[in-house]
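J.: So that we are looking at the same thing, I have put the structure below in structure tokens.
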There are 8 protein chains.
Amino acid sequence: MAKVLIGIIMGSDSDLPVMKDSAKILEEFGIAHEVKVLSAHRAPELVAEYAKNARDNGLKVIIAAAGGAAHLAGVTAAQTTLPVIGVPINASIDGLDALLATVQMPPGIPVATVAVNGAKNAGLLALEILGVEDNEIAQKLLDYKKLLKTQVEEKNKKLEELGVEKYLAQKK
Amino acid sequence: MAKVLIGIIMGSDSDLPVMKDSAKILEEFGIAHEVKVLSAHRAPELVAEYAKNARDNGLKVIIAAAGGAAHLAGVTAAQTTLPVIGVPINASIDGLDALLATVQMPPGIPVATVAVNGAKNAGLLALEILGVEDNEIAQKLLDYKKLLKTQVEEKNKKLEELGVEKYLAQKK
Amino acid sequence: MAKVLIGIIMGSDSDLPVMKDSAKILEEFGIAHEVKVLSAHRAPELVAEYAKNARDNGLKVIIAAAGGAAHLAGVTAAQTTLPVIGVPINASIDGLDALLATVQMPPGIPVATVAVNGAKNAGLLALEILGVEDNEIAQKLLDYKKLLKTQVEEKNKKLEELGVEKYLAQKK
Amino acid sequence: MAKVLIGIIMGSDSDLPVMKDSAKILEEFGIAHEVKVLSAHRAPELVAEYAKNARDNGLKVIIAAAGGAAHLAGVTAAQTTLPVIGVPINASIDGLDALLATVQMPPGIPVATVAVNGAKNAGLLALEILGVEDNEIAQKLLDYKKLLKTQVEEKNKKLEELGVEKYLAQKK
Amino acid sequence: MAKVLIGIIMGSDSDLPVMKDSAKILEEFGIAHEVKVLSAHRAPELVAEYAKNARDNGLKVIIAAAGGAAHLAGVTAAQTTLPVIGVPINASIDGLDALLATVQMPPGIPVATVAVNGAKNAGLLALEILGVEDNEIAQKLLDYKKLLKTQVEEKNKKLEELGVEKYLAQKK
Amino acid sequence: MAKVLIGIIMGSDSDLPVMKDSAKILEEFGIAHEVKVLSAHRAPELVAEYAKNARDNGLKVIIAAAGGAAHLAGVTAAQTTLPVIGVPINASIDGLDALLATVQMPPGIPVATVAVNGAKNAGLLALEILGVEDNEIAQKLLDYKKLLKTQVEEKNKKLEELGVEKYLAQKK
Amino acid sequence: MAKVLIGIIMGSDSDLPVMKDSAKILEEFGIAHEVKVLSAHRAPELVAEYAKNARDNGLKVIIAAAGGAAHLAGVTAAQTTLPVIGVPINASIDGLDALLATVQMPPGIPVATVAVNGAKNAGLLALEILGVEDNEIAQKLLDYKKLLKTQVEEKNKKLEELGVEKYLAQKK
Amino acid sequence: MAKVLIGIIMGSDSDLPVMKDSAKILEEFGIAHEVKVLSAHRAPELVAEYAKNARDNGLKVIIAAAGGAAHLAGVTAAQTTLPVIGVPINASIDGLDALLATVQMPPGIPVATVAVNGAKNAGLLALEILGVEDNEIAQKLLDYKKLLKTQVEEKNKKLEELGVEKYLAQKK
């Protein structure tokens with residue numbers, strides 16, 4: 001069994017329908033990961049323990065998601081030297097509260113914040129971080145970027161062939 | 001020496017010029033308190049220790065102030081059953097980031113949030129909490145409310161006598 | 001019959017589906033309370049009367065909820081020395097109007113504001129205030145905090161056993 | 001001495017440097033008015049008394065200004081059937097808190113809100129209300145509108161003569 | 001047939017489901033009014049003509065509603081000396097765009113702005129303006145205020161009798 | 001004397017220090033233009049006249065700037081078929097009110113909105129519109145783009161030579 | 001077959017249901033156009049190529065739509081001297097992120113921004129730009145403006161005949 | 001001379017006073033880096049070239065800063081598989097425009113966003129990314145975290161000794 005490299009933690013299991021996209025992209029790249037519910041407010045000691053032991057447990061990146069007064073990413077970042085990726089969850093006020101509570105960290109303790117509900121990009125950012133030293137992952141990321149471009153080209157081809165109305169009709 | 005009843009903690013000593021107003025109103029009411037710099041991000045263990053021992057150390061209310069992705073009040077509230085009063089500090093974005101990061105707590109862990117930079121009201125709220133059971137403080141709060149009303153009446157009297165222009169000239 | 005200790009008031013009975021969560025948590029803790037519709041705009045004299053007599057009537061904390069230009073908590077706080085907990089109700093603009101109208105009180109008159117629609121936390125904050133002097137309530141709050149932690153641990157155990165997909169399928 | 005027709009009230013004498021512009025425009029139109037500091041939070045009974053007696057005292061319109069969780073206009077409107085004009089004062093968050101706390105009134109109790117710090121327009125709106133039945137005021141308002149147009153024409157004439165650079169130099 | 005005293009104009013007939021509440025409250029008070037679709041952008045000349053002739057046509061107050069970059073109230077106010085009440089319609093961005101575009105008028109041209117979608121209050125404000133000189137309307141407004149209070153009292157009575165759960169069940 | 005092709009209008013002469021940058025870039029490109037103060041609120045008839053006659057007067061593009069409840073660009077666009085460029089002026093709330101009041105136009109009446117205080121870009125956009133058919137202007141715009149790139153290259157060269165500290169010292 | 005004059009590009013085919021309204025109004029005016037999916041993030045080289053060749057390919061205006069951190073319009077504008085019209089798509093936060101990311105361009109590179117989801121107006125703005133030199137299009141735009149006015153007049157006639165309730169009933 | 005591992009790029013040299021803090025923390029950790037002005041709007045080809053060659057040139061992380069409609073980080077991320085750290089610069093609207101334009105990236109292209117003006121944290125995040133595989137840097141980050149804690153402890157000691165007033169006096 002592959003060693004777990006990425007920890008995906010979230011403040012509540014209500015975040016799971018969004019955050020499963022972080023796990024999914026890691027799976028597609030074949031990177032072992034773990035998924036945990038770890039509230040900074042309801043279980044602060046578990047978070048502290050998890051963050052402090054993360055590096056020794058072999059983790060390389062932690063993805064932390066929370067909504068509202070989102071503290072999980074910041075609290076985790078305070079207790080590890082691993083990069084912590086923050087995913088603001090849209091639980092209220094269009095996710096603006098979670099975004100500000102995640103990104104506006106004070107000097108000394110960064111959180112690498114992605115878009116509101118940006119679970120997929122959190123996974124990709126973790127892969128980019130692994131890819132800094134791992135050429136195989138770096139190559140896969142390059143292939144992924146090419147795929148994105150190819151998809152755009154294919155959509156355009158189809159759009160040109162079908163025209164707007166038929167294209168939209170087919171999408172439904 | 002009186003027993004310390006109120007702890008005033010803040011994320012940075014740059015919050016002190018604002019937060020000294022919490023201390024000042026407590027002094028005016030003769031309530032012993034302590035003031036500490038305790039960052040949830042730079043010193044998470046000190047915060048955890050402080051919060052967990054607060055009740056045993058005789059504290060009755062904790063006032064916690066922070067700016068930006070303000071986590072201090074929430075992290076403290078997560079580790080004590082004492083009421084925690086949060087003061088969002090205006091360090092960026094007119095303090096809206098600190099306000100949302102302080103007030104939008106998840107079910108289970110309340111923070112009693114006051115206005116942006118509302119240090120004086122944080123002290124008064126702590127006094128009201130003490131005053132629930134302490135009749136002497138309750139009476140002083142009543143006197144304080146009467147004083148506020150008297151000040152309004154005096155200002156109106158002066159305004160009536162002087163008129164707007166002279167009143168403004170005297171204020172300078 | 002137990003003496004009513006907590007008053008839960010709200011600007012409109014349309015707030016009741018949210019605010020019943022304040023009552024529910026108080027019931028779980030066995031604390032007698034009363035629930036009233038008391039608009040600062042449609043019935044200002046009733047609010048004034050309620051606030052002024054609250055302490056004499058044996059109340060210890062008032063929870064006041066309102067949406068839009070939420071004035072109820074502030075108007076109540078202006079006329080009592082009891083702690084007033086404000087619950088901004090999301091009736092418009094994601095509740096941002098109610099949040100700002102509740103929390104941005106001027107020096108002299110604090111409102112202990114909780115999250116938008118944070119009715120449960122309003123109840124818990126009232127319990128924490130009672131728990132400052134009441135050891136039994138303080139102990140129950142500690143048990144409640146342990147329960148929150150246990151629930152997190154149980155969710156993690158289940159998540160580990162089932163994996164993300166099955167966990168989500170079971171939740172539906 | 002002319003009968004006072006317009007009451008200008010404000011939450012704090014720190015609002016006076018803005019609100020004197022309401023008084024000034026009323027003076028220019030020769031309408032008697034009174035200026036008072038009347039906080040909804042620090043002196044709620046004075047506000048209630050003022051609002052309830054306003055019509056009997058001969059007032060026709062009340063202008064109420066406040067910053068932050070601005071309650072003064074709403075609380076006044078709750079206790080009179082006279083039109084109440086609300087002026088949100090910029091005391092924090094660019095005045096957005098005061099704007100929302102003034103304008104987002106619930107059905108039943110309107111406040112006629114003008115711009116943030118819009119003291120002059122509050123005075124003009126009061127004049128327009130008087131002008132509904134008073135032809136002399138209506139005529140003066142028409143003259144005022146013509147004056148505004150004339151000023152625009154004069155500025156354009158000067159701008160055409162001087163060009164942009166010289167025009168700006170002269171303004172300094 | 002009664003003389004039309006109040007004009008209710010709106011930028012689009014999509015505003016009508018909201019704005020019919022202005023008409024409804026005027027009907028309840030027995031005040032003749034007219035309802036028109038008059039876009040500042042699609043029919044500027046009609047708006048100009050309407051505004052300029054309003055006073056001569058016997059109107060006493062104009063209620064103007066619009067969403068988005070809401071210009072209708074401001075453009076109308078620019079061309080009449082009658083009081084213009086602005087209703088920001090929630091067509092986008094929670095109505096914040098319409099609110100700011102309606103309320104933030106420059107010195108010289110006030111718009112009496114009510115809450116987002118505040119059609120009923122626009123009608124009531126128009127009635128208050130008429131009631132400045134019309135004692136019959138003033139008396140009806142006083143009765144209306146009493147009715148609001150009575151409704152609050154009745155709801156409380158019912159809430160006391162039924163308790164929260166049954167009250168909510170009955171409301172459905 | 002060259003025929004005036006671009007009209008630059010603004011709601012107030014207080015906008016002139018910002019808007020002179022529109023004039024300046026047009027001068028640099030040698031395009032004749034006129035600058036006028038034309039308030040949609042204080043001089044609506046002048047605006048209507050200006051907009052309606054603009055095409056016949058030889059204008060090709062109108063640049064309209066206003067702050068607050070910025071109506072000038074929208075009102076102008078309503079009365080001409082020429083492209084109207086809107087410049088939101090930062091007069092309050094960081095210019096967000098002017099931005100929304102300028103850009104959120106209803107279907108049928110577009111305003112080409114640039115950044116808050118974006119006077120220079122308004123001028124450049126007008127030039128791009130002229131450049132659609134005028135090859136000389138198009139060529140000058142291409143040269144301008146090259147110049148921007150050259151300036152970036154030169155700054156980098158200097159930055160490489162001097163290092164950060166000396167570069168910053170020289171800038172002062 | 002007519003020469004393509006307007007390019008409509010968008011960041012994702014999920015923007016197509018909104019953006020088809022740009023195509024539709026161009027069709028109504030008989031102006032040849034092309035529709036393409038061209039992400040600034042997923043296919044930056046395709047965007048660069050498209051933008052750089054646009055003028056040589058005979059395009060006169062580019063309409064670029066994107067949501068979230070909307071870069072497409074800005075990136076396109078950076079690489080062409082044609083006017084670029086930006087359409088912020090509401091994909092998150094009520095479209096405020098896309099609006100700011102589209103409109104707040106730095107000096108040197110303007111984007112002509114229309115309302116959030118303002119696809120129809122983007123088409124009309126493109127037509128106005130063509131109409132600067134093309135009298136036939138200018139005349140059609142004038143007819144279109146008259147049609148808008150006529151529609152307003154017809155709605156008013158119908159509203160007058162039917163009254164509010166019947167008018168609303170017929171609309172359903 | 002050490003191999004350059006981190007590229008710090010910014011949209012304008014006006015961002016340099018903020019961004020020098022990224023360089024400073026990298027210097028303190030002894031990590032070679034380069035600083036460049038590279039506008040996505042004024043020099044898009046230079047940005048594309050820089051991003052595409054970054055990995056081959058030995059870079060491991062890119063820090064990209066921009067204000068307003070901040071496109072630099074997103075455009076860079078679109079053309080490299082290296083992690084890109086985005087720093088929103090406060091150039092307008094309290095930096096909210098730059099924050100949203102940097103963080104709200106579409107699925108496929110993440111940007112690791114830090115706080116508004118969070119240059120120091122951008123440097124620290126880059127170090128954390130290097131520290132994933134480099135134990136020496138990881139150790140230094142741990143020492144840095146200890147230093148932050150020690151500073152907090154020292155400040156508290158001093159605050160305890162001096163009291164609030166003297167502490168504040170000494171800070172000046």
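Chain labels A, B, ... are given in the sequence in which chains occur in the structure tokens; within each chain residues are numbered consecutively from 1, and ligands are likewise numbered from 1 in the order shown.
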Among range 1-167 of chain G, which ones does DSSP place in helix (DSSP H, G or I), written as a ChimeraX atom specification?

T.: /G:13-28,44-53,72-77,93-103,119-131,135-167

J.: So that I can check the surroundings of Leu127 in chain F, please list as a ChimeraX atom specification every protein, DNA and RNA residue that reaches within 10 Å of it, counting only C-alpha atoms and ignoring chain neighbours fewer than 2 positions away.

T.: /F:6,25-26,29,31,61,121-125,129-132,134,137-138,140-141 /G:81-83

J.: DSSP on the backbone, strand (DSSP E) only: what residues of chain G does that give? Format it as a PyMOL selection string.

T.: chain G and resi 6-10+33-37+61-67+84-89+112-113

J.: If you measure from CA of Pro88 in chain C to CA of Val116 in chain C, what distance in Å do you get, rounded to one decimal?

T.: 4.8 Å

J.: What's around Lys120 in chain E at 9 Å? Count only C-alpha atoms, leave out sequence neighbours fewer than 4 positions away in its own chain, and write the answer as a PyMOL selection string.

T.: (chain D and resi 107-108+110) or (chain E and resi 18-26+124-125)

J.: May I ask which of the residues D:Lys146, D:Lys155, D:Lys52, D:His71 is the closest one to chain C, counting only C-alpha atoms?

T.: D:His71

J.: Identify, on the basis of only C-alpha atoms, every residue whose closest approach to range 99-104 of chain G does not exceed 7 Å; exclude the query and any residue fewer than 2 positions from it along the same chain; express the result as a list in words.

T.: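 Non-adjacent residues within range: Val114, Ala115 and Val116 of chain F; Ala69, Ala70, His71, Ala73, Gly74, Gly86, Pro88, Gly95, Leu96, Asp97, Pro106, Val111, Thr113 and Val116 of chain G; Gly68, Ala69, Ala70, Asp97 and Ala101 of chain H.
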
J.: For chain H, report every residue with an atom at most 9 Å from chain F (counting only C-alpha atoms), formatted as a ChimeraX atom specification.

T.: /H:12-13,16-17,20,23,34-39,42-44,46,68,92-94

J.: Could those selected residues go to a file with N, CA and C atoms, as a tab-separated table (two decimals), in the first residue's frame?

T.:
chain	number	residue	atom	x	y	z
H	12	SER	N	3.93	45.65	-11.49
H	12	SER	CA	4.37	47.04	-11.61
H	12	SER	C	5.45	47.31	-10.57
H	13	ASP	N	6.36	48.22	-10.86
H	13	ASP	CA	7.38	48.51	-9.85
H	13	ASP	C	6.79	49.28	-8.65
H	16	LEU	N	6.79	47.07	-5.60
H	16	LEU	CA	8.08	46.67	-5.04
H	16	LEU	C	8.22	46.98	-3.54
H	17	PRO	N	7.77	48.13	-3.07
H	17	PRO	CA	7.89	48.40	-1.63
H	17	PRO	C	7.20	47.33	-0.78
H	20	LYS	N	9.26	43.59	-1.59
H	20	LYS	CA	10.63	43.38	-1.13
H	20	LYS	C	10.66	42.49	0.11
H	23	ALA	N	11.43	38.94	-0.82
H	23	ALA	CA	12.86	38.76	-1.05
H	23	ALA	C	13.62	38.69	0.27
H	34	GLU	N	15.17	35.67	-7.65
H	34	GLU	CA	15.26	36.80	-8.56
H	34	GLU	C	13.97	37.61	-8.48
H	35	VAL	N	14.10	38.92	-8.74
H	35	VAL	CA	12.95	39.82	-8.64
H	35	VAL	C	12.74	40.49	-10.00
H	36	LYS	N	11.53	40.41	-10.54
H	36	LYS	CA	11.28	40.99	-11.86
H	36	LYS	C	9.94	41.72	-11.92
H	37	VAL	N	9.90	42.79	-12.72
H	37	VAL	CA	8.64	43.45	-13.04
H	37	VAL	C	8.14	42.85	-14.36
H	38	LEU	N	6.96	42.23	-14.33
H	38	LEU	CA	6.50	41.47	-15.51
H	38	LEU	C	4.98	41.58	-15.66
H	39	SER	N	4.50	42.61	-16.27
H	39	SER	CA	3.06	42.82	-16.33
H	39	SER	C	2.36	41.88	-17.31
H	42	ARG	N	0.93	44.56	-19.85
H	42	ARG	CA	1.80	45.40	-20.66
H	42	ARG	C	2.88	44.58	-21.37
H	43	ALA	N	3.16	43.39	-20.85
H	43	ALA	CA	4.21	42.57	-21.45
H	43	ALA	C	3.81	41.10	-21.41
H	44	PRO	N	2.68	40.74	-22.04
H	44	PRO	CA	2.18	39.37	-21.91
H	44	PRO	C	3.14	38.32	-22.46
H	46	LEU	N	6.44	38.43	-22.44
H	46	LEU	CA	7.52	38.21	-21.47
H	46	LEU	C	7.04	37.29	-20.36
H	68	GLY	N	-5.43	45.49	-8.42
H	68	GLY	CA	-6.58	45.69	-9.32
H	68	GLY	C	-7.07	44.37	-9.90
H	92	SER	N	-6.40	49.31	-4.82
H	92	SER	CA	-7.74	49.92	-4.89
H	92	SER	C	-8.70	49.02	-4.12
H	93	ILE	N	-9.82	49.61	-3.65
H	93	ILE	CA	-10.90	48.86	-2.97
H	93	ILE	C	-10.34	47.96	-1.87
H	94	ASP	N	-9.40	48.45	-1.07
H	94	ASP	CA	-8.78	47.70	0.02
H	94	ASP	C	-8.14	46.39	-0.45
